[in-house]
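Data from model.cif: mmCIF, C-alpha atoms
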```cif
data_coords
loop_
_atom_site.group_PDB
_atom_site.id
_atom_site.type_symbol
_atom_site.label_atom_id
_atom_site.label_comp_id
_atom_site.auth_asym_id
_atom_site.auth_seq_id
_atom_site.Cartn_x
_atom_site.Cartn_y
_atom_site.Cartn_z
ATOM 1 C CA MET Z 1 0.000 0.000 0.000
ATOM 2 C CA LYS Z 2 2.826 2.347 0.899
ATOM 3 C CA THR Z 3 4.486 1.588 -2.448
ATOM 4 C CA LEU Z 4 1.279 2.427 -4.285
ATOM 5 C CA LEU Z 5 1.052 5.857 -2.610
ATOM 6 C CA VAL Z 6 4.693 6.631 -3.353
ATOM 7 C CA SER Z 7 4.193 5.633 -7.009
ATOM 8 C CA ALA Z 8 1.101 7.831 -7.284
ATOM 9 C CA ALA Z 9 2.917 10.782 -5.714
ATOM 10 C CA PHE Z 10 5.888 10.265 -8.051
ATOM 11 C CA ALA Z 11 3.589 10.161 -11.097
ATOM 12 C CA ALA Z 12 1.804 13.326 -9.953
ATOM 13 C CA ALA Z 13 5.132 15.090 -9.482
ATOM 14 C CA LEU Z 14 6.172 14.183 -13.019
ATOM 15 C CA LEU Z 15 2.880 15.363 -14.557
ATOM 16 C CA ALA Z 16 2.579 18.658 -12.639
ATOM 17 C CA PRO Z 17 5.422 20.543 -14.365
ATOM 18 C CA SER Z 18 4.243 19.547 -17.832
ATOM 19 C CA ALA Z 19 0.684 20.644 -17.030
ATOM 20 C CA ALA Z 20 1.963 23.981 -15.742
ATOM 21 C CA SER Z 21 4.114 24.580 -18.809
ATOM 22 C CA ALA Z 22 1.168 23.854 -21.112
ATOM 23 C CA GLN Z 23 -0.723 26.738 -19.510
ATOM 24 C CA ALA Z 24 2.111 29.263 -19.711
ATOM 25 C CA ILE Z 25 1.080 32.662 -21.065
ATOM 26 C CA PRO Z 26 3.327 34.206 -23.707
ATOM 27 C CA SER Z 27 5.123 37.431 -22.981
ATOM 28 C CA ALA Z 28 3.062 40.482 -23.783
ATOM 29 C CA VAL Z 29 3.983 42.428 -26.891
ATOM 30 C CA VAL Z 30 2.040 45.654 -26.487
ATOM 31 C CA ALA Z 31 1.095 48.212 -29.119
ATOM 32 C CA VAL Z 32 -0.823 51.446 -28.540
ATOM 33 C CA VAL Z 33 -3.226 53.370 -30.757
ATOM 34 C CA ASP Z 34 -4.614 56.902 -30.427
ATOM 35 C CA LEU Z 35 -8.282 56.368 -31.318
ATOM 36 C CA ASP Z 36 -9.139 60.063 -30.962
ATOM 37 C CA ARG Z 37 -6.570 60.856 -33.617
ATOM 38 C CA VAL Z 38 -7.701 57.994 -35.851
ATOM 39 C CA THR Z 39 -11.369 59.027 -35.748
ATOM 40 C CA SER Z 40 -10.657 62.723 -36.179
ATOM 41 C CA GLU Z 41 -8.073 62.404 -38.959
ATOM 42 C CA CYS Z 42 -9.470 59.621 -41.130
ATOM 43 C CA ASN Z 43 -10.696 61.039 -44.436
ATOM 44 C CA ALA Z 44 -14.209 59.585 -44.296
ATOM 45 C CA CYS Z 45 -14.485 60.543 -40.613
ATOM 46 C CA ARG Z 46 -13.786 64.193 -41.419
ATOM 47 C CA THR Z 47 -16.415 64.210 -44.156
ATOM 48 C CA ALA Z 48 -18.959 62.493 -41.903
ATOM 49 C CA SER Z 49 -18.199 64.907 -39.072
ATOM 50 C CA ALA Z 50 -18.805 67.881 -41.368
ATOM 51 C CA ALA Z 51 -22.100 66.358 -42.573
ATOM 52 C CA LEU Z 52 -23.213 65.714 -39.001
ATOM 53 C CA LYS Z 53 -22.273 69.256 -38.014
ATOM 54 C CA SER Z 54 -24.391 70.528 -40.912
ATOM 55 C CA GLN Z 55 -27.336 68.450 -39.676
ATOM 56 C CA VAL Z 56 -26.951 69.935 -36.188
ATOM 57 C CA THR Z 57 -26.731 73.470 -37.600
ATOM 58 C CA SER Z 58 -29.880 72.870 -39.640
ATOM 59 C CA PHE Z 59 -31.666 71.548 -36.537
ATOM 60 C CA GLU Z 60 -30.617 74.568 -34.471
ATOM 61 C CA SER Z 61 -31.745 76.946 -37.207
ATOM 62 C CA ARG Z 62 -35.149 75.248 -37.435
ATOM 63 C CA ARG Z 63 -35.488 75.225 -33.634
ATOM 64 C CA ASP Z 64 -34.730 78.946 -33.447
ATOM 65 C CA SER Z 65 -37.123 79.731 -36.297
ATOM 66 C CA LEU Z 66 -39.970 77.788 -34.671
ATOM 67 C CA ALA Z 67 -39.270 79.334 -31.278
ATOM 68 C CA SER Z 68 -39.308 82.841 -32.741
ATOM 69 C CA SER Z 69 -42.549 82.225 -34.608
ATOM 70 C CA LEU Z 70 -44.224 80.687 -31.563
ATOM 71 C CA GLN Z 71 -43.009 83.452 -29.281
ATOM 72 C CA THR Z 72 -44.419 86.143 -31.590
ATOM 73 C CA GLU Z 73 -47.766 84.369 -31.805
ATOM 74 C CA GLN Z 74 -47.851 83.782 -28.050
ATOM 75 C CA LYS Z 75 -47.261 87.486 -27.358
ATOM 76 C CA SER Z 76 -50.066 88.423 -29.736
ATOM 77 C CA ILE Z 77 -52.462 86.022 -28.027
ATOM 78 C CA GLN Z 78 -51.384 87.213 -24.589
ATOM 79 C CA THR Z 79 -51.980 90.829 -25.600
ATOM 80 C CA SER Z 80 -55.507 89.903 -26.706
ATOM 81 C CA ILE Z 81 -56.142 88.060 -23.422
ATOM 82 C CA ASP Z 82 -54.785 90.971 -21.358
ATOM 83 C CA ALA Z 83 -57.070 93.392 -23.258
ATOM 84 C CA LEU Z 84 -60.077 91.433 -22.008
ATOM 85 C CA LYS Z 85 -59.192 92.472 -18.420
ATOM 86 C CA GLY Z 86 -60.514 89.246 -16.926
ATOM 87 C CA LYS Z 87 -63.508 88.827 -19.212
ATOM 88 C CA GLN Z 88 -64.185 85.519 -20.916
ATOM 89 C CA PRO Z 89 -62.496 85.210 -24.346
ATOM 90 C CA ASP Z 90 -64.699 84.924 -27.391
ATOM 91 C CA ALA Z 91 -64.777 81.856 -29.653
ATOM 92 C CA ALA Z 92 -62.272 83.358 -32.102
ATOM 93 C CA LEU Z 93 -59.661 83.925 -29.372
ATOM 94 C CA GLU Z 94 -60.247 80.460 -27.933
ATOM 95 C CA ALA Z 95 -59.730 79.042 -31.419
ATOM 96 C CA ARG Z 96 -56.447 80.997 -31.720
ATOM 97 C CA VAL Z 97 -55.292 79.597 -28.366
ATOM 98 C CA LYS Z 98 -56.124 76.031 -29.411
ATOM 99 C CA ALA Z 99 -54.434 76.510 -32.782
ATOM 100 C CA PHE Z 100 -51.355 77.901 -31.027
ATOM 101 C CA GLN Z 101 -51.213 74.936 -28.640
ATOM 102 C CA ALA Z 102 -51.515 72.504 -31.553
ATOM 103 C CA LYS Z 103 -48.767 74.347 -33.425
ATOM 104 C CA ALA Z 104 -46.517 74.259 -30.338
ATOM 105 C CA THR Z 105 -47.106 70.523 -29.934
ATOM 106 C CA THR Z 106 -46.402 69.882 -33.611
ATOM 107 C CA SER Z 107 -43.204 71.938 -33.365
ATOM 108 C CA GLU Z 108 -42.030 69.974 -30.316
ATOM 109 C CA GLN Z 109 -42.691 66.690 -32.106
ATOM 110 C CA GLU Z 110 -40.853 67.856 -35.222
ATOM 111 C CA LEU Z 111 -37.819 68.947 -33.222
ATOM 112 C CA ALA Z 112 -37.795 65.743 -31.150
ATOM 113 C CA SER Z 113 -37.923 63.693 -34.345
ATOM 114 C CA GLN Z 114 -35.075 65.674 -35.908
ATOM 115 C CA GLN Z 115 -32.981 65.408 -32.762
ATOM 116 C CA SER Z 116 -33.592 61.667 -32.589
ATOM 117 C CA GLN Z 117 -32.558 61.299 -36.235
ATOM 118 C CA ILE Z 118 -29.323 63.192 -35.592
ATOM 119 C CA GLN Z 119 -28.523 60.916 -32.641
ATOM 120 C CA ARG Z 120 -29.243 57.825 -34.760
ATOM 121 C CA ASN Z 121 -27.051 59.231 -37.538
ATOM 122 C CA GLN Z 122 -24.208 59.787 -35.084
ATOM 123 C CA GLN Z 123 -24.524 56.242 -33.747
ATOM 124 C CA TYR Z 124 -24.656 54.857 -37.292
ATOM 125 C CA ILE Z 125 -21.479 56.725 -38.217
ATOM 126 C CA GLN Z 126 -19.716 55.373 -35.120
ATOM 127 C CA LYS Z 127 -20.907 51.838 -35.891
ATOM 128 C CA GLN Z 128 -19.501 51.965 -39.424
ATOM 129 C CA ILE Z 129 -16.141 53.085 -38.058
ATOM 130 C CA GLN Z 130 -16.097 50.461 -35.298
ATOM 131 C CA ASP Z 131 -17.077 47.692 -37.735
ATOM 132 C CA LYS Z 132 -14.008 48.515 -39.831
ATOM 133 C CA LEU Z 133 -11.640 49.042 -36.910
ATOM 134 C CA GLY Z 134 -12.061 45.561 -35.384
ATOM 135 C CA PRO Z 135 -10.449 43.663 -38.273
ATOM 136 C CA ILE Z 136 -7.896 46.449 -38.762
ATOM 137 C CA TYR Z 137 -6.703 46.049 -35.154
ATOM 138 C CA GLN Z 138 -6.091 42.348 -35.745
ATOM 139 C CA GLN Z 139 -4.254 42.967 -39.034
ATOM 140 C CA VAL Z 140 -2.036 45.684 -37.554
ATOM 141 C CA MET Z 141 -1.270 43.607 -34.468
ATOM 142 C CA GLN Z 142 -0.313 40.626 -36.612
ATOM 143 C CA ARG Z 143 1.788 42.734 -38.983
ATOM 144 C CA ARG Z 144 3.618 44.436 -36.106
ATOM 145 C CA GLY Z 145 3.942 41.283 -33.955
ATOM 146 C CA ALA Z 146 1.798 42.554 -31.069
ATOM 147 C CA ASN Z 147 -0.508 40.392 -28.988
ATOM 148 C CA LEU Z 148 -2.078 43.256 -27.020
ATOM 149 C CA LEU Z 149 -3.422 46.580 -28.328
ATOM 150 C CA VAL Z 150 -4.187 49.371 -25.860
ATOM 151 C CA GLU Z 151 -5.727 52.807 -26.379
ATOM 152 C CA VAL Z 152 -3.021 55.389 -25.742
ATOM 153 C CA GLY Z 153 -5.289 57.244 -23.292
ATOM 154 C CA ALA Z 154 -5.269 54.186 -21.023
ATOM 155 C CA THR Z 155 -1.482 54.273 -20.646
ATOM 156 C CA LEU Z 156 0.738 56.301 -18.370
ATOM 157 C CA ALA Z 157 3.669 56.394 -20.765
ATOM 158 C CA THR Z 158 4.723 54.726 -24.006
ATOM 159 C CA SER Z 159 7.592 54.843 -26.412
ATOM 160 C CA GLN Z 160 7.052 55.940 -29.985
ATOM 161 C CA ASN Z 161 8.075 52.552 -31.404
ATOM 162 C CA VAL Z 162 4.968 50.827 -29.960
ATOM 163 C CA ASP Z 163 2.526 53.390 -31.415
ATOM 164 C CA VAL Z 164 0.579 51.895 -34.350
ATOM 165 C CA THR Z 165 -1.773 54.858 -34.841
ATOM 166 C CA ASN Z 166 -0.415 55.655 -38.315
ATOM 167 C CA ASP Z 167 -0.857 52.023 -39.383
ATOM 168 C CA VAL Z 168 -4.447 51.935 -38.132
ATOM 169 C CA LEU Z 169 -5.213 55.312 -39.730
ATOM 170 C CA ALA Z 170 -3.791 54.274 -43.117
ATOM 171 C CA SER Z 171 -5.735 51.003 -43.062
ATOM 172 C CA LEU Z 172 -8.951 52.768 -42.067
ATOM 173 C CA ASN Z 173 -8.544 55.310 -44.874
ATOM 174 C CA SER Z 174 -8.152 52.536 -47.442
ATOM 175 C CA SER Z 175 -10.912 50.257 -46.110
ATOM 176 C CA LEU Z 176 -13.462 53.004 -45.351
ATOM 177 C CA PRO Z 177 -13.417 55.530 -48.214
ATOM 178 C CA THR Z 178 -16.883 56.889 -47.362
ATOM 179 C CA ILE Z 179 -19.308 56.833 -44.462
ATOM 180 C CA ILE Z 180 -23.059 56.945 -44.863
ATOM 181 C CA THR Z 181 -24.223 59.829 -42.667
ATOM 182 C CA THR Z 182 -27.937 59.083 -42.607
ATOM 183 C CA ALA Z 183 -29.044 56.109 -40.556
ATOM 184 C CA PRO Z 184 -31.514 53.733 -42.173
ATOM 185 C CA ALA Z 185 -35.123 54.287 -41.216
ATOM 186 C CA GLN Z 186 -36.135 52.510 -38.052
ATOM 187 C CA SER Z 187 -38.490 49.643 -38.636
ATOM 188 C CA THR Z 188 -41.610 50.053 -36.585
ATOM 189 C CA PRO Z 189 -43.383 46.976 -35.289
ATOM 190 C CA GLN Z 190 -46.766 46.546 -36.900
ATOM 191 C CA GLY Z 191 -49.793 45.919 -34.732
ATOM 192 C CA ARG Z 192 -51.806 42.753 -35.112
#
```
As structure tokens - that is how I would like this structure written.
Amino acid sequence: MKTLLVSAAFAAALLAPSAASAQAIPSAVVAVVDLDRVTSECNACRTASAALKSQVTSFESRRDSLASSLQTEQKSIQTSIDALKGKQPDAALEARVKAFQAKATTSEQELASQQSQIQRNQQYIQKQIQDKLGPIYQQVMQRRGANLLVEVGATLATSQNVDVTNDVLASLNSSLPTIITTAPAQSTPQGR
């Protein structure tokens, strides 16, 4: 019995080092990338950013125009109400108030819809970029011999020879010549 235990212990001792060496992790070869620079300097990203900025400017212009129009109409209605000095408004004034409220509601809905579309467009732009970057990371890491890629903002210090930003930027420019800046229409579930 004692011999059997010693044999088992000896066999376990022989197997343990080989099991440990099979699970060894390779040394880290780290590369860093400046994603802010990549997404601000890529050609398609610049074009998409300008288009998105134009959409925002258009939204702001429409919002200001609607607000000005509503404010003017509201003042006119308020002047008419104040002139009544507490008396009940006539049917025409009540109709103006209701029409104003409907116009205000319609304006709010229009602006909310536009704002939602801009947010969807921004997310769609980011998705197109991210979809291209994933494979590019792998290609650049393989080409440069890295097994770990870190965003430069997550590091305390790096040396220039581990920075692969230019490689990622060049690959993104060639694989993503254009970005669609308008998200596809959302599909709405149909009622049964």
Padding 4 Å on every side, please: axis-aligned box over the listed atoms of region 50-54 of chain Z, centre and edge lengths to one decimal in Å, as lines of an AutoDock Vina configuration file.
```
center_x = -21.6
center_y = 68.1
center_z = -40.3
size_x = 13.6
size_y = 12.8
size_z = 12.6
```
Exercise for review: Tell me which residues the PyMOL selection byres ((chain Z and resi 171-175) around 8) grabs here, as a PyMOL selection string.
Suggested key: chain Z and resi 42-44+132-133+136+167-170+176-177
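Using all atoms listed in the file for every distance, the candidate list Z:Ser49, Z:Gln101, Z:Asn121, Z:Thr155 yields Z:Gln101 as the residue closest to Glu73 (chain Z).
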**Study point:** Residues selected by the PyMOL selection byres ((chain Z and resi 183) around 6), written as a ChimeraX atom specification
**Key:** /Z:121,124,182,184
Give me the residues near Leu35 (chain Z) as a short mmCIF file (atom, residue, chain, number, x, y, z; two decimals) with C-alpha atoms, in the frame of the given file, where near means some atom within 12 Å (using only C-alpha atoms) and where sequence neighbours in that chain fewer than 6 positions away do not count.
```
data_model
loop_
_atom_site.label_atom_id
_atom_site.label_comp_id
_atom_site.auth_asym_id
_atom_site.auth_seq_id
_atom_site.Cartn_x
_atom_site.Cartn_y
_atom_site.Cartn_z
CA GLU Z 41 -8.07 62.40 -38.96
CA CYS Z 42 -9.47 59.62 -41.13
CA CYS Z 45 -14.48 60.54 -40.61
CA ILE Z 129 -16.14 53.08 -38.06
CA GLN Z 130 -16.10 50.46 -35.30
CA LEU Z 133 -11.64 49.04 -36.91
CA TYR Z 137 -6.70 46.05 -35.15
CA LEU Z 149 -3.42 46.58 -28.33
CA VAL Z 150 -4.19 49.37 -25.86
CA GLU Z 151 -5.73 52.81 -26.38
CA VAL Z 152 -3.02 55.39 -25.74
CA GLY Z 153 -5.29 57.24 -23.29
CA ALA Z 154 -5.27 54.19 -21.02
CA ASP Z 163 2.53 53.39 -31.42
CA VAL Z 164 0.58 51.90 -34.35
CA THR Z 165 -1.77 54.86 -34.84
CA ASN Z 166 -0.42 55.66 -38.32
CA ASP Z 167 -0.86 52.02 -39.38
CA VAL Z 168 -4.45 51.94 -38.13
CA LEU Z 169 -5.21 55.31 -39.73
CA LEU Z 172 -8.95 52.77 -42.07
#
```
Check your understanding: Could you work out how far CA of Ala185 (chain Z) lies from CA of Ile125 (chain Z), giving the answer in Å with one decimal?
Key ->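 Separation of CA of Ile125 (chain Z) and CA of Ala185 (chain Z): 14.2 Å.
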Check your understanding: Quick one: which residues end up in the PyMOL selection byres ((chain Z and resi 104) around 10) for this structure, as number ranges by chain?
Key -> Z: 66-67, 69-71, 74, 98-103, 105-110
Output for the residues just chosen: C-alpha atoms as an mmCIF file, in the coordinates of the input:
```cif
data_model
loop_
_atom_site.group_PDB
_atom_site.id
_atom_site.type_symbol
_atom_site.label_atom_id
_atom_site.label_comp_id
_atom_site.auth_asym_id
_atom_site.auth_seq_id
_atom_site.Cartn_x
_atom_site.Cartn_y
_atom_site.Cartn_z
ATOM 1 C CA LEU Z 66 -39.970 77.788 -34.671
ATOM 2 C CA ALA Z 67 -39.270 79.334 -31.278
ATOM 3 C CA SER Z 69 -42.549 82.225 -34.608
ATOM 4 C CA LEU Z 70 -44.224 80.687 -31.563
ATOM 5 C CA GLN Z 71 -43.009 83.452 -29.281
ATOM 6 C CA GLN Z 74 -47.851 83.782 -28.050
ATOM 7 C CA LYS Z 98 -56.124 76.031 -29.411
ATOM 8 C CA ALA Z 99 -54.434 76.510 -32.782
ATOM 9 C CA PHE Z 100 -51.355 77.901 -31.027
ATOM 10 C CA GLN Z 101 -51.213 74.936 -28.640
ATOM 11 C CA ALA Z 102 -51.515 72.504 -31.553
ATOM 12 C CA LYS Z 103 -48.767 74.347 -33.425
ATOM 13 C CA THR Z 105 -47.106 70.523 -29.934
ATOM 14 C CA THR Z 106 -46.402 69.882 -33.611
ATOM 15 C CA SER Z 107 -43.204 71.938 -33.365
ATOM 16 C CA GLU Z 108 -42.030 69.974 -30.316
ATOM 17 C CA GLN Z 109 -42.691 66.690 -32.106
ATOM 18 C CA GLU Z 110 -40.853 67.856 -35.222
#
```
Review point. Which one is closest to Gln126 (chain Z): Z:Thr181, Z:Val56, Z:Ser65, Z:Ser187? Count only C-alpha atoms.
Key: Z:Thr181
Review point. Quick one: residues within 12 Å of Ser80 (chain Z), only C-alpha atoms counted, chain neighbours fewer than 3 positions away excluded, as a list in words?
Key: Glu73, Gln74, Lys75, Ser76, Ile77, Ala83, Leu84, Lys85, Gly86, Lys87, Gln88, Pro89, Asp90, Ala92, Leu93, Glu94, Arg96 and Val97 of chain Z
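Shortest separation to Gln114 (chain Z) among Z:Ala31, Z:Thr178, Z:Arg46, Z:Phe59 occurs at residue Z:Phe59, atoms counted being only C-alpha atoms.
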